[in-house]
file structure39.cif (mmCIF, C-alpha atoms)
data_upload
loop_
_atom_site.label_atom_id
_atom_site.label_comp_id
_atom_site.auth_asym_id
_atom_site.auth_seq_id
_atom_site.Cartn_x
_atom_site.Cartn_y
_atom_site.Cartn_z
CA MET L 25 14.84 -116.70 67.84
CA SER L 26 15.39 -118.69 64.68
CA LYS L 27 18.40 -118.03 62.56
CA LYS L 28 18.31 -115.42 59.82
CA LEU L 29 18.28 -116.49 56.19
CA GLU L 30 21.74 -116.51 54.71
CA SER L 31 22.47 -113.74 52.17
CA SER L 32 22.88 -116.06 49.21
CA PHE L 33 21.85 -114.93 45.75
CA LYS L 34 18.95 -117.37 45.64
CA ASN L 35 17.62 -116.29 49.06
CA MET L 36 17.85 -112.59 48.26
CA VAL L 37 16.03 -112.90 44.94
CA LEU L 38 13.42 -115.20 46.38
CA SER L 39 12.63 -113.15 49.49
CA LEU L 40 12.40 -109.84 47.61
CA PHE L 41 10.27 -111.50 44.95
CA LEU L 42 7.88 -112.93 47.55
CA ILE L 43 7.57 -109.61 49.40
CA SER L 44 6.88 -107.84 46.10
CA VAL L 45 4.18 -110.32 45.14
CA VAL L 46 2.39 -110.08 48.48
CA MET L 47 2.61 -106.29 48.59
CA ALA L 48 1.46 -105.93 44.98
CA ALA L 49 -1.55 -108.11 45.73
CA ALA L 50 -2.42 -105.99 48.77
CA LEU L 51 -2.09 -102.79 46.75
CA GLY L 52 -4.23 -104.18 43.94
CA PHE L 53 -6.97 -104.97 46.43
CA VAL L 54 -6.88 -101.50 48.01
CA TYR L 55 -6.76 -99.85 44.58
CA ASN L 56 -9.89 -101.68 43.48
CA THR L 57 -11.78 -100.83 46.67
CA THR L 58 -10.90 -97.14 46.56
CA LYS L 59 -11.21 -96.65 42.80
CA ILE L 60 -14.91 -95.83 42.74
CA PRO L 61 -14.96 -93.52 45.80
CA ILE L 62 -11.98 -91.61 44.37
CA GLU L 63 -13.70 -91.11 41.02
CA GLU L 64 -16.88 -90.00 42.78
CA ASN L 65 -14.85 -87.59 44.93
CA ASP L 66 -13.22 -86.01 41.89
CA LYS L 67 -16.61 -85.63 40.27
CA LYS L 68 -18.17 -84.21 43.43
CA VAL L 69 -15.48 -81.54 43.72
CA VAL L 70 -16.24 -80.41 40.17
CA ILE L 71 -20.03 -80.49 40.63
CA ASP L 72 -19.87 -78.58 43.94
CA ALA L 73 -17.73 -75.93 42.27
CA LEU L 74 -20.13 -75.73 39.32
CA LYS L 75 -23.11 -75.23 41.61
CA LEU L 76 -21.23 -72.46 43.36
CA VAL L 77 -20.11 -70.48 40.32
CA LEU L 78 -23.02 -70.90 37.89
CA PRO L 79 -26.53 -69.47 37.86
CA GLU L 80 -29.24 -72.06 38.51
CA PHE L 81 -29.07 -74.86 35.95
CA ASN L 82 -30.65 -78.26 35.49
CA ASN L 83 -28.58 -79.95 32.79
CA ASP L 84 -25.50 -82.03 33.49
CA PRO L 85 -22.59 -79.80 32.42
CA THR L 86 -20.09 -82.59 33.04
CA LYS L 87 -21.62 -84.46 30.09
CA GLU L 88 -21.36 -81.53 27.62
CA ILE L 89 -17.82 -80.68 28.55
CA GLU L 90 -15.58 -79.04 25.94
CA SER L 91 -11.82 -78.98 26.19
CA LEU L 92 -9.65 -76.17 24.95
CA ASP L 93 -5.94 -76.64 25.51
CA LYS L 94 -5.77 -77.38 29.22
CA LEU L 95 -9.04 -75.58 29.96
CA GLN L 96 -12.39 -77.26 30.28
CA ILE L 97 -15.63 -75.48 29.48
CA TYR L 98 -18.86 -76.62 31.13
CA PRO L 99 -21.96 -75.19 29.42
CA ALA L 100 -24.95 -74.80 31.77
CA SER L 101 -28.56 -74.50 30.77
CA LEU L 102 -31.95 -74.24 32.47
CA ASP L 103 -34.77 -76.06 30.65
CA GLY L 104 -32.67 -76.07 27.49
CA ASN L 105 -31.83 -72.34 27.51
CA PRO L 106 -28.15 -71.58 28.03
CA VAL L 107 -27.62 -69.69 31.27
CA GLY L 108 -23.86 -69.57 31.46
CA TYR L 109 -20.50 -71.24 31.18
CA ALA L 110 -18.11 -72.48 33.82
CA VAL L 111 -14.46 -72.73 32.92
CA LYS L 112 -11.91 -74.81 34.75
CA THR L 113 -8.90 -72.59 34.33
CA TYR L 114 -5.36 -72.43 35.63
CA THR L 115 -2.39 -70.18 35.97
CA ASP L 116 1.22 -71.14 36.31
CA LYS L 117 2.21 -67.72 37.64
CA GLY L 118 1.25 -68.51 41.25
CA PHE L 119 3.72 -67.94 44.07
CA SER L 120 4.00 -71.72 44.50
CA GLY L 121 3.41 -72.82 40.93
CA THR L 122 0.18 -73.73 39.20
CA PHE L 123 -3.25 -73.31 40.75
CA TRP L 124 -6.70 -74.09 39.39
CA LEU L 125 -9.88 -72.05 39.51
CA MET L 126 -13.44 -72.65 38.40
CA VAL L 127 -14.84 -69.44 36.93
CA GLY L 128 -18.54 -69.10 36.14
CA PHE L 129 -19.77 -66.67 33.49
CA THR L 130 -23.33 -65.66 32.73
CA THR L 131 -24.33 -65.47 29.06
CA ASP L 132 -23.54 -61.72 28.88
CA GLY L 133 -19.92 -62.50 29.73
CA SER L 134 -19.79 -61.18 33.27
CA VAL L 135 -18.33 -63.24 36.10
CA LYS L 136 -20.95 -65.00 38.22
CA ASP L 137 -18.61 -66.37 40.85
CA ILE L 138 -15.20 -67.98 41.23
CA SER L 139 -14.16 -71.01 43.21
CA VAL L 140 -10.60 -72.09 43.97
CA LEU L 141 -10.22 -75.77 43.08
CA GLN L 142 -6.63 -76.46 44.01
CA GLN L 143 -3.82 -74.23 45.21
CA ASN L 144 -0.53 -74.29 47.13
CA GLU L 145 -0.21 -70.59 47.90
CA THR L 146 1.26 -69.35 51.18
CA PRO L 147 -1.19 -69.93 54.06
CA GLY L 148 -2.41 -66.63 55.47
CA LEU L 149 -1.23 -64.64 52.44
CA GLY L 150 -1.98 -66.10 49.01
CA THR L 151 -4.78 -68.25 50.44
CA LYS L 152 -6.70 -65.03 51.18
CA MET L 153 -7.80 -65.23 47.55
CA LYS L 154 -10.50 -67.60 48.78
CA GLU L 155 -11.80 -65.01 51.27
CA SER L 156 -13.54 -61.63 51.29
CA PRO L 157 -12.83 -58.88 50.41
CA PHE L 158 -10.58 -60.09 47.57
CA LYS L 159 -13.00 -62.58 46.03
CA ASP L 160 -15.96 -60.20 46.34
CA GLN L 161 -14.44 -57.92 43.71
CA PHE L 162 -15.21 -60.28 40.83
CA PRO L 163 -18.88 -61.29 40.77
CA GLY L 164 -20.87 -59.13 38.36
CA LYS L 165 -17.79 -57.74 36.60
CA ASN L 166 -17.31 -58.21 32.87
CA PRO L 167 -13.64 -58.70 31.95
CA GLU L 168 -14.36 -56.78 28.73
CA THR L 169 -14.73 -53.54 30.71
CA PHE L 170 -13.22 -54.50 34.06
CA VAL L 171 -9.47 -54.70 33.42
CA MET L 172 -8.44 -58.07 34.87
CA LYS L 173 -5.12 -56.89 36.30
CA VAL L 174 -4.00 -55.71 39.71
CA LYS L 175 -3.91 -51.94 40.24
CA LYS L 176 -0.11 -51.99 40.30
CA ASP L 177 -0.20 -53.19 36.67
CA GLY L 178 -2.82 -50.64 35.63
CA GLY L 179 -5.83 -52.87 36.18
CA ALA L 180 -8.93 -52.64 38.34
CA VAL L 181 -8.29 -55.38 40.89
CA ASP L 182 -7.27 -54.62 44.47
CA ALA L 183 -4.42 -57.02 45.18
CA ILE L 184 -4.16 -58.89 48.49
CA THR L 185 -1.71 -57.11 50.80
CA ALA L 186 1.68 -58.86 50.66
CA ALA L 187 0.40 -61.33 48.04
CA THR L 188 0.59 -59.38 44.79
CA ILE L 189 1.99 -62.37 42.92
CA SER L 190 -0.93 -64.59 43.92
CA SER L 191 -3.41 -61.81 43.06
CA ARG L 192 -1.74 -61.29 39.69
CA ALA L 193 -1.86 -65.03 38.98
CA TYR L 194 -5.55 -65.15 39.97
CA CYS L 195 -6.32 -62.40 37.43
CA ASP L 196 -4.28 -64.25 34.83
CA ALA L 197 -6.38 -67.39 35.35
CA VAL L 198 -9.68 -65.48 35.18
CA GLN L 199 -8.57 -63.67 32.02
CA ARG L 200 -7.60 -67.01 30.47
CA ALA L 201 -11.06 -68.38 31.28
CA TYR L 202 -12.70 -65.32 29.76
CA ASP L 203 -10.62 -65.58 26.58
CA ALA L 204 -11.80 -69.17 26.24
CA VAL L 205 -15.51 -68.36 26.39
CA LYS L 206 -15.36 -64.86 24.81
CA ASP L 207 -16.05 -66.13 21.29
CA LYS L 208 -18.97 -68.23 22.44
CA ILE L 209 -20.56 -65.37 24.33
CA ASN L 210 -20.08 -62.84 21.53
CA SER L 211 -21.39 -65.14 18.80
CA LYS L 212 -24.37 -66.04 21.03
CA GLY L 213 -25.13 -62.39 21.64
CA GLU L 214 -25.04 -61.55 17.93
CA SER L 215 -27.23 -64.47 16.91
CA GLU L 216 -29.73 -63.50 19.60
CA GLN L 217 -29.81 -59.94 18.26
CA LYS L 218 -30.37 -61.20 14.74
CA GLY L 219 -33.22 -63.36 16.01
CA GLY L 220 -34.69 -60.28 17.65
CA ASN L 221 -34.57 -58.37 14.34
CA ASN L 222 -36.44 -61.11 12.53
CA ASP L 223 -39.28 -60.83 15.01
CA MET T 27 11.57 -102.51 79.56
CA THR T 28 7.92 -103.28 80.29
CA ASN T 29 5.22 -103.28 77.64
CA ILE T 30 3.84 -99.99 78.88
CA GLN T 31 7.27 -98.39 78.64
CA GLN T 32 7.64 -99.61 75.05
CA PHE T 33 4.61 -97.50 74.28
CA THR T 34 5.20 -94.44 76.46
CA LYS T 35 8.88 -93.92 75.57
CA GLY T 36 7.76 -92.45 72.22
CA LEU T 37 5.59 -89.80 73.84
CA ILE T 38 8.20 -87.65 75.57
CA LYS T 39 11.43 -89.47 76.43
CA GLU T 40 12.19 -90.58 72.87
CA ASN T 41 9.72 -88.39 71.01
CA PRO T 42 10.68 -88.89 67.35
CA ALA T 43 10.22 -85.28 66.26
CA LEU T 44 11.33 -83.34 69.34
CA VAL T 45 14.01 -85.59 70.87
CA LEU T 46 15.27 -87.95 68.17
CA LEU T 47 14.86 -85.12 65.62
CA LEU T 48 13.74 -87.51 62.90
CA GLY T 49 11.25 -86.66 60.17
CA MET T 50 11.98 -82.95 60.22
CA CYS T 51 10.67 -82.41 56.68
CA PRO T 52 6.96 -83.04 57.42
CA THR T 53 7.37 -81.57 60.92
CA LEU T 54 8.38 -78.21 59.49
CA ALA T 55 6.42 -78.23 56.26
CA VAL T 56 2.87 -79.35 57.03
CA THR T 57 2.32 -77.88 60.49
CA SER T 58 0.90 -74.57 59.26
CA SER T 59 -2.38 -75.51 60.93
CA ALA T 60 -3.42 -77.84 63.76
CA ILE T 61 -5.60 -80.04 61.56
CA ASN T 62 -2.82 -80.55 59.00
CA GLY T 63 -0.41 -81.58 61.75
CA LEU T 64 -2.96 -83.99 63.18
CA ALA T 65 -3.77 -85.59 59.82
CA MET T 66 -0.11 -85.97 58.91
CA GLY T 67 0.61 -87.47 62.34
CA LEU T 68 -2.20 -90.00 62.03
CA ALA T 69 -1.16 -91.02 58.51
CA THR T 70 2.41 -91.54 59.74
CA THR T 71 1.21 -93.48 62.80
CA PHE T 72 -0.75 -95.85 60.57
CA VAL T 73 2.22 -96.52 58.29
CA LEU T 74 4.64 -96.81 61.22
CA THR T 75 2.51 -99.28 63.18
CA PHE T 76 1.77 -101.58 60.27
CA SER T 77 5.25 -101.50 58.78
CA ASN T 78 6.66 -102.28 62.25
CA ILE T 79 4.32 -105.27 62.63
CA VAL T 80 5.04 -106.66 59.16
CA ILE T 81 8.78 -106.11 59.37
CA ALA T 82 9.00 -107.70 62.82
CA SER T 83 7.12 -110.75 61.57
CA ILE T 84 9.18 -111.26 58.40
CA LYS T 85 12.55 -110.19 59.79
CA ASN T 86 13.93 -113.74 59.73
CA PHE T 87 13.02 -114.29 56.10
CA ILE T 88 14.85 -111.25 54.78
CA PRO T 89 18.57 -111.85 54.14
CA ASP T 90 20.68 -109.10 55.75
CA LYS T 91 22.12 -107.78 52.50
CA VAL T 92 18.73 -106.86 51.04
CA ARG T 93 16.96 -105.91 54.25
CA ILE T 94 16.70 -102.18 53.42
CA ALA T 95 15.15 -102.98 50.04
CA GLY T 96 12.69 -105.31 51.73
CA PHE T 97 11.78 -102.72 54.38
CA ILE T 98 11.23 -100.03 51.75
CA LEU T 99 8.93 -102.35 49.79
CA VAL T 100 6.79 -102.91 52.87
CA ILE T 101 6.79 -99.21 53.83
CA ALA T 102 6.00 -98.03 50.30
CA THR T 103 3.03 -100.38 50.15
CA PHE T 104 1.50 -98.99 53.33
CA VAL T 105 2.15 -95.41 52.25
CA THR T 106 0.38 -96.02 48.94
CA ILE T 107 -2.52 -97.58 50.83
CA VAL T 108 -2.78 -94.48 53.07
CA ASP T 109 -2.59 -92.25 50.01
CA LEU T 110 -5.41 -94.09 48.22
CA VAL T 111 -7.58 -94.35 51.33
CA MET T 112 -7.19 -90.65 52.14
CA LYS T 113 -7.97 -89.73 48.54
CA ALA T 114 -11.13 -91.79 48.76
CA TRP T 115 -12.45 -90.92 52.20
CA ALA T 116 -10.63 -87.95 53.76
CA PRO T 117 -12.06 -84.44 53.27
CA PRO T 118 -10.60 -83.07 50.00
CA ALA T 119 -9.28 -79.96 51.79
CA ILE T 120 -7.05 -82.06 54.05
CA TYR T 121 -5.88 -84.30 51.23
CA ASN T 122 -4.96 -81.26 49.15
CA ALA T 123 -3.15 -79.58 52.03
CA LEU T 124 -0.98 -82.62 52.76
CA GLY T 125 -0.46 -83.18 49.04
CA VAL T 126 3.04 -84.31 48.26
CA PHE T 127 3.90 -85.06 51.89
CA ILE T 128 1.82 -88.25 52.01
CA PRO T 129 3.85 -90.08 49.32
CA LEU T 130 6.97 -88.68 51.00
CA ILE T 131 6.22 -90.68 54.17
CA VAL T 132 8.11 -93.45 52.30
CA VAL T 133 11.37 -91.65 52.90
CA ASN T 134 10.48 -90.38 56.38
CA CYS T 135 13.46 -91.33 58.54
CA ILE T 136 11.25 -92.20 61.51
CA ILE T 137 9.74 -95.16 59.71
CA LEU T 138 12.89 -96.65 58.24
CA GLY T 139 14.67 -95.74 61.47
CA ARG T 140 12.22 -97.70 63.64
CA ALA T 141 12.25 -100.61 61.17
CA GLU T 142 16.02 -100.82 61.25
CA ALA T 143 16.63 -99.97 64.92
CA PHE T 144 13.66 -101.66 66.54
CA ALA T 145 11.33 -103.86 64.48
CA SER T 146 14.14 -105.90 62.90
CA LYS T 147 15.43 -106.88 66.36
CA ASN T 148 12.32 -107.19 68.50
CA SER T 149 9.12 -109.24 68.77
CA VAL T 150 5.99 -108.45 66.80
CA PHE T 151 4.07 -107.30 69.88
CA HIS T 152 6.83 -104.99 71.11
CA SER T 153 7.19 -103.58 67.58
CA LEU T 154 3.48 -102.86 67.50
CA LEU T 155 3.73 -100.96 70.80
CA ASP T 156 6.85 -99.14 69.63
CA GLY T 157 5.18 -98.11 66.36
CA LEU T 158 2.04 -96.91 68.12
CA GLY T 159 4.00 -94.99 70.76
CA MET T 160 6.33 -93.35 68.27
CA GLY T 161 3.35 -92.53 66.03
CA VAL T 162 1.34 -90.98 68.83
CA GLY T 163 4.41 -89.01 69.96
CA PHE T 164 4.94 -87.74 66.43
CA THR T 165 1.24 -86.85 66.08
CA LEU T 166 1.34 -85.04 69.41
CA ALA T 167 4.41 -83.03 68.39
CA LEU T 168 2.90 -82.08 65.03
CA PHE T 169 -0.46 -81.20 66.54
CA VAL T 170 1.06 -78.96 69.23
CA MET T 171 3.29 -77.31 66.67
CA GLY T 172 0.42 -76.81 64.23
CA SER T 173 -1.76 -75.36 67.00
CA ILE T 174 0.87 -72.86 68.10
CA ARG T 175 1.50 -71.74 64.54
CA GLU T 176 -2.19 -71.49 63.69
CA VAL T 177 -3.04 -69.52 66.86
CA LEU T 178 -0.19 -67.04 66.45
CA GLY T 179 -0.14 -66.83 62.67
CA ASN T 180 -3.79 -67.03 61.70
CA GLY T 181 -5.71 -66.24 64.90
CA SER T 182 -7.64 -69.48 64.70
CA ILE T 183 -7.59 -72.99 66.11
CA LEU T 184 -8.86 -76.02 64.16
CA ASP T 185 -10.13 -73.52 61.57
CA ILE T 186 -12.26 -71.70 64.17
CA LYS T 187 -11.35 -68.02 64.02
CA PHE T 188 -11.27 -66.25 67.37
CA VAL T 189 -10.08 -62.84 66.23
CA SER T 190 -11.85 -60.54 63.79
CA GLN T 191 -11.26 -60.92 60.06
CA GLU T 192 -9.26 -57.65 59.94
CA ALA T 193 -7.13 -58.29 63.01
CA LYS T 194 -3.40 -58.41 62.36
CA THR T 195 -1.81 -61.73 63.24
CA ILE T 196 1.84 -62.73 63.32
CA LEU T 197 1.91 -64.01 59.74
CA MET T 198 5.49 -65.17 60.06
CA PHE T 199 4.33 -68.14 62.11
CA VAL T 200 2.46 -69.78 59.24
CA MET T 201 5.48 -69.31 57.00
CA PRO T 202 8.69 -71.39 57.05
CA PRO T 203 10.67 -69.18 59.49
CA GLY T 204 7.86 -69.56 62.02
CA ALA T 205 8.17 -73.34 61.73
CA PHE T 206 11.83 -73.23 62.72
CA ILE T 207 11.22 -70.84 65.61
CA THR T 208 8.32 -72.91 66.96
CA LEU T 209 10.33 -76.12 66.62
CA GLY T 210 13.25 -74.54 68.50
CA PHE T 211 11.08 -73.47 71.41
CA LEU T 212 9.35 -76.86 71.54
CA ILE T 213 12.65 -78.75 71.60
CA ALA T 214 13.87 -76.49 74.39
CA SER T 215 10.68 -77.07 76.40
CA VAL T 216 10.92 -80.84 75.99
CA ASN T 217 14.57 -80.76 77.09
CA LYS T 218 13.56 -78.84 80.21
CA LEU T 219 10.70 -81.27 80.81
CA LYS T 220 13.01 -84.27 80.54
CA LYS T 221 15.50 -82.82 83.05
CA ALA T 222 12.79 -81.98 85.58
#
call {"tool": "encode", "arguments": {"input": "structure39.cif", "output": "structure tokens"}}
result
Amino acid sequence: MSKKLESSFKNMVLSLFLISVVMAAALGFVYNTTKIPIEENDKKVVIDALKLVLPEFNNDPTKEIESLDKLQIYPASLDGNPVGYAVKTYTDKGFSGTFWLMVGFTTDGSVKDISVLQQNETPGLGTKMKESPFKDQFPGKNPETFVMKVKKDGGAVDAITAATISSRAYCDAVQRAYDAVKDKINSKGESEQKGGNND
Amino acid sequence: MTNIQQFTKGLIKENPALVLLLGMCPTLAVTSSAINGLAMGLATTFVLTFSNIVIASIKNFIPDKVRIAGFILVIATFVTIVDLVMKAWAPPAIYNALGVFIPLIVVNCIILGRAEAFASKNSVFHSLLDGLGMGVGFTLALFVMGSIREVLGNGSILDIKFVSQEAKTILMFVMPPGAFITLGFLIASVNKLKKA
């Protein structure tokens, strides 16, 4: 076994510098190789969620994206006619901090479906928000008439047993999404009515 | 110690999680399901094996006074590689579940512990065997723990549910107290096994 390098100032600086250079080069290489798959993955997660929560569409909603604060609105259309909006929404009232949902609305403002994008809720409790029967309460409901609050708070949503905080946060996120697209849906509805009168 | 023993000592006799009691943070935190435990174990094994190899091969070029800094540089590099690779090619559900615990492998005591106690004093080949053995032992411990917690707490194994959707399961086991209880029983069993 050869002798160890002496701990002189020059040796210490030199050896750490060399290690850093080699490791940085290795990291740069891996970063470049994984960059494209990671971007594609991120995009795929969004597109899969969009397909799940929106009615059938054939445009590319990721290209017509609108941002509103931290929310992102994806307009969907079929052969040029708007069929709905998907909103990437969040809540910071979760039991373990922020979680993200993708909420799809049809043009009349009712919920088409909801997909959980990212969450850290308690396994077996808060994570039940991804499962029936909790998630089945939302499709077809319009937050205008369906009070987006858990029953404990005077709303219409059945909370998950032992996960009221997660349920409450879920409603908060959906309500936030609805608030973001409400104006769009209402103005659309009115303009369509006006068009009808002209005919 | 023969080559084989260098590898097998990590499985039971010096199992990093259940005997050396190193790396308790991921052991307790990510084992809420079998698949999470397995993925975390494999990620750690990868980092441990490669950092052991690199550290054993450069041990004579690192002056003693800055050896910890040098080790951490090497370890952090491999952890970042695992993080990027998992982000690119692992199923998103697993990557999300492991979340913050992948970057935290950097400060996992098993890895720095093996670098300091073994790789910096032994040959490259023995360090490779030691890293693999310790990694497999750690993976085994996390997988068993995750399985027990998933079966008792969620009524499923590897995400396959074997009780009805409405059946009551022992929820406590997927929550933090269940992790401590499971760990306690596992440590006791391994102690018994070692004495036998």
call {"tool": "residues_around", "arguments": {"input": "structure39.cif", "residues": "T:Phe206", "least_positions_apart": "5", "cutoff": "10 Å", "atoms": "all atoms listed in the file", "output": "CSV table (one decimal) with C-alpha atoms, in the frame of the given file"}}
result
chain,number,residue,atom,x,y,z
T,53,THR,CA,7.4,-81.6,60.9
T,54,LEU,CA,8.4,-78.2,59.5
T,55,ALA,CA,6.4,-78.2,56.3
T,199,PHE,CA,4.3,-68.1,62.1
T,201,MET,CA,5.5,-69.3,57.0
T,211,PHE,CA,11.1,-73.5,71.4
T,212,LEU,CA,9.4,-76.9,71.5
call {"tool": "interface_residues", "arguments": {"input": "structure39.cif", "of": "chain T", "to": "chain L", "cutoff": "7 Å", "atoms": "all atoms listed in the file", "output": "number ranges by chain"}}
result
T: 86-92, 96, 99-100, 103, 107, 110-111, 113-114, 180, 197, 200
call {"tool": "closest_residue", "arguments": {"input": "structure39.cif", "among": "T:Gly49, T:Pro118, T:Gly179, T:Gly210", "to": "T:Ile137", "atoms": "only C-alpha atoms"}}
result
T:Gly49
call {"tool": "closest_residue", "arguments": {"input": "structure39.cif", "among": "L:Lys173, L:Val205, L:Cys195, L:Tyr114", "to": "L:Lys94", "atoms": "all atoms listed in the file"}}
result
L:Tyr114
call {"tool": "closest_residue", "arguments": {"input": "structure39.cif", "among": "T:Ala222, T:Arg175, T:Val133, T:Ala102", "to": "T:Pro203", "atoms": "all atoms listed in the file"}}
result
T:Arg175
call {"tool": "residues_around", "arguments": {"input": "structure39.cif", "residues": "stretch 139-148 of chain T", "least_positions_apart": "3", "cutoff": "9 Å", "atoms": "only C-alpha atoms", "output": "list in words"}}
result
Leu48, Leu74, Ser77, Asn78, Ile79, Val80, Ile81, Ala82, Ser83, Ile84, Lys85, Asn86, Arg93, Ile94, Phe97, Asn134, Cys135, Ile136, Phe151, His152, Ser153, Leu154, Asp156, Gly157 and Met160 of chain T
call {"tool": "residues_around", "arguments": {"input": "structure39.cif", "residues": "T:Val45", "least_positions_apart": "3", "cutoff": "12 Å", "atoms": "all atoms listed in the file", "output": "list in words"}}
result
Lys35, Gly36, Leu37, Ile38, Lys39, Glu40, Asn41, Pro42, Leu48, Gly49, Met50, Ile136, Met160, Gly163, Phe164, Ala167, Leu209, Gly210, Leu212, Ile213, Ala214, Ser215, Val216, Asn217, Lys218, Leu219 and Lys220 of chain T
call {"tool": "resolve_selection", "arguments": {"input": "structure39.cif", "expression": "the PyMOL selection byres ((chain L and resi 164) around 9)", "output": "VMD selection string"}}
result
chain L and resid 130 134 to 137 161 to 163 165 to 166
call {"tool": "write_last_selection", "arguments": {"input": "structure39.cif", "atoms": "C-alpha atoms", "output": "mmCIF file, in the coordinates of the input"}}
result
data_model
loop_
_atom_site.group_PDB
_atom_site.id
_atom_site.type_symbol
_atom_site.label_atom_id
_atom_site.label_comp_id
_atom_site.auth_asym_id
_atom_site.auth_seq_id
_atom_site.Cartn_x
_atom_site.Cartn_y
_atom_site.Cartn_z
ATOM 1 C CA THR L 130 -23.330 -65.660 32.730
ATOM 2 C CA SER L 134 -19.790 -61.180 33.270
ATOM 3 C CA VAL L 135 -18.330 -63.240 36.100
ATOM 4 C CA LYS L 136 -20.950 -65.000 38.220
ATOM 5 C CA ASP L 137 -18.610 -66.370 40.850
ATOM 6 C CA GLN L 161 -14.440 -57.920 43.710
ATOM 7 C CA PHE L 162 -15.210 -60.280 40.830
ATOM 8 C CA PRO L 163 -18.880 -61.290 40.770
ATOM 9 C CA LYS L 165 -17.790 -57.740 36.600
ATOM 10 C CA ASN L 166 -17.310 -58.210 32.870
#
call {"tool": "closest_residue", "arguments": {"input": "structure39.cif", "among": "T:Val162, T:Ala193, T:Val170, T:Ala119", "to": "T:Thr71", "atoms": "all atoms listed in the file"}}
result
T:Val162
call {"tool": "resolve_selection", "arguments": {"input": "structure39.cif", "expression": "the PyMOL selection byres ((chain L and resi 84) around 9)", "output": "PyMOL selection string"}}
result
chain L and resi 81-83+85-88+98-101
call {"tool": "atom_distance", "arguments": {"input": "structure39.cif", "atom1": "atom CA of L:Ala183", "atom2": "atom CA of L:Lys152"}}
result
10.3 Å
call {"tool": "atom_distance", "arguments": {"input": "structure39.cif", "atom1": "atom CA of T:Gln32", "atom2": "atom CA of T:Phe72"}}
result
17.2 Å
call {"tool": "axis_aligned_box", "arguments": {"input": "structure39.cif", "around": "stretch 115-127 of chain L", "padding_each_side": "6 Å", "output": "AutoDock Vina command-line options"}}
result
--center_x -5.4 --center_y -70.9 --center_z 40.2 --size_x 30.8 --size_y 18.4 --size_z 20.5
call {"tool": "closest_residue", "arguments": {"input": "structure39.cif", "among": "T:Phe104, T:Phe127, T:Phe188, T:Tyr121", "to": "T:Val73", "atoms": "all atoms listed in the file"}}
result
T:Phe104
call {"tool": "residues_around", "arguments": {"input": "structure39.cif", "residues": "L:Lys117", "least_positions_apart": "3", "cutoff": "8 Å", "atoms": "all atoms listed in the file", "output": "VMD selection string"}}
result
chain L and resid 121 to 122 189 to 190 192 to 193 196
call {"tool": "atom_distance", "arguments": {"input": "structure39.cif", "atom1": "atom CA of L:Gly104", "atom2": "atom CA of L:Ala204"}}
result
22.0 Å
call {"tool": "closest_residue", "arguments": {"input": "structure39.cif", "among": "T:Leu155, T:Leu124, T:Val132, T:Ala95", "to": "T:Ser58", "atoms": "all atoms listed in the file"}}
result
T:Leu124
call {"tool": "resolve_selection", "arguments": {"input": "structure39.cif", "expression": "the PyMOL selection byres ((chain L and resi 110) around 8)", "output": "compact mmCIF listing (two decimals) with C-alpha atoms, keeping the file's coordinate frame"}}
result
# COMPACT_ATOMS: atom_id res chain seq x y z
CA LEU L 74 -20.13 -75.73 39.32
CA VAL L 77 -20.11 -70.48 40.32
CA LEU L 78 -23.02 -70.90 37.89
CA ILE L 97 -15.63 -75.48 29.48
CA TYR L 98 -18.86 -76.62 31.13
CA PRO L 99 -21.96 -75.19 29.42
CA ALA L 100 -24.95 -74.80 31.77
CA GLY L 108 -23.86 -69.57 31.46
CA TYR L 109 -20.50 -71.24 31.18
CA VAL L 111 -14.46 -72.73 32.92
CA LYS L 112 -11.91 -74.81 34.75
CA MET L 126 -13.44 -72.65 38.40
CA VAL L 127 -14.84 -69.44 36.93
CA GLY L 128 -18.54 -69.10 36.14
CA PHE L 129 -19.77 -66.67 33.49
call {"tool": "residues_around", "arguments": {"input": "structure39.cif", "residues": "stretch 62-66 of chain T", "least_positions_apart": "3", "cutoff": "8 Å", "atoms": "all atoms listed in the file", "output": "ChimeraX atom specification"}}
result
/T:52-53,56-59,69-70,120,123-124,128,165-166,168-169,171-172
call {"tool": "decode", "arguments": {"input": "structure39.cif", "residues": "stretch 185-202 of chain L", "atoms": "C-alpha atoms", "output": "tab-separated table (two decimals), in the first residue's frame"}}
result
chain	number	residue	atom	x	y	z
L	185	THR	CA	-63.06	9.23	7.41
L	186	ALA	CA	-60.13	10.36	9.59
L	187	ALA	CA	-58.83	12.64	6.81
L	188	THR	CA	-61.01	15.73	7.08
L	189	ILE	CA	-58.05	18.04	6.59
L	190	SER	CA	-57.08	16.39	3.31
L	191	SER	CA	-60.72	16.42	2.14
L	192	ARG	CA	-61.04	20.08	3.07
L	193	ALA	CA	-57.83	20.91	1.18
L	194	TYR	CA	-59.06	18.96	-1.86
L	195	CYS	CA	-62.24	21.06	-1.92
L	196	ASP	CA	-60.16	24.20	-1.53
L	197	ALA	CA	-58.10	23.26	-4.60
L	198	VAL	CA	-61.18	22.46	-6.69
L	199	GLN	CA	-62.86	25.71	-5.66
L	200	ARG	CA	-59.70	27.61	-6.61
L	201	ALA	CA	-59.74	25.96	-10.03
L	202	TYR	CA	-63.40	26.83	-10.49
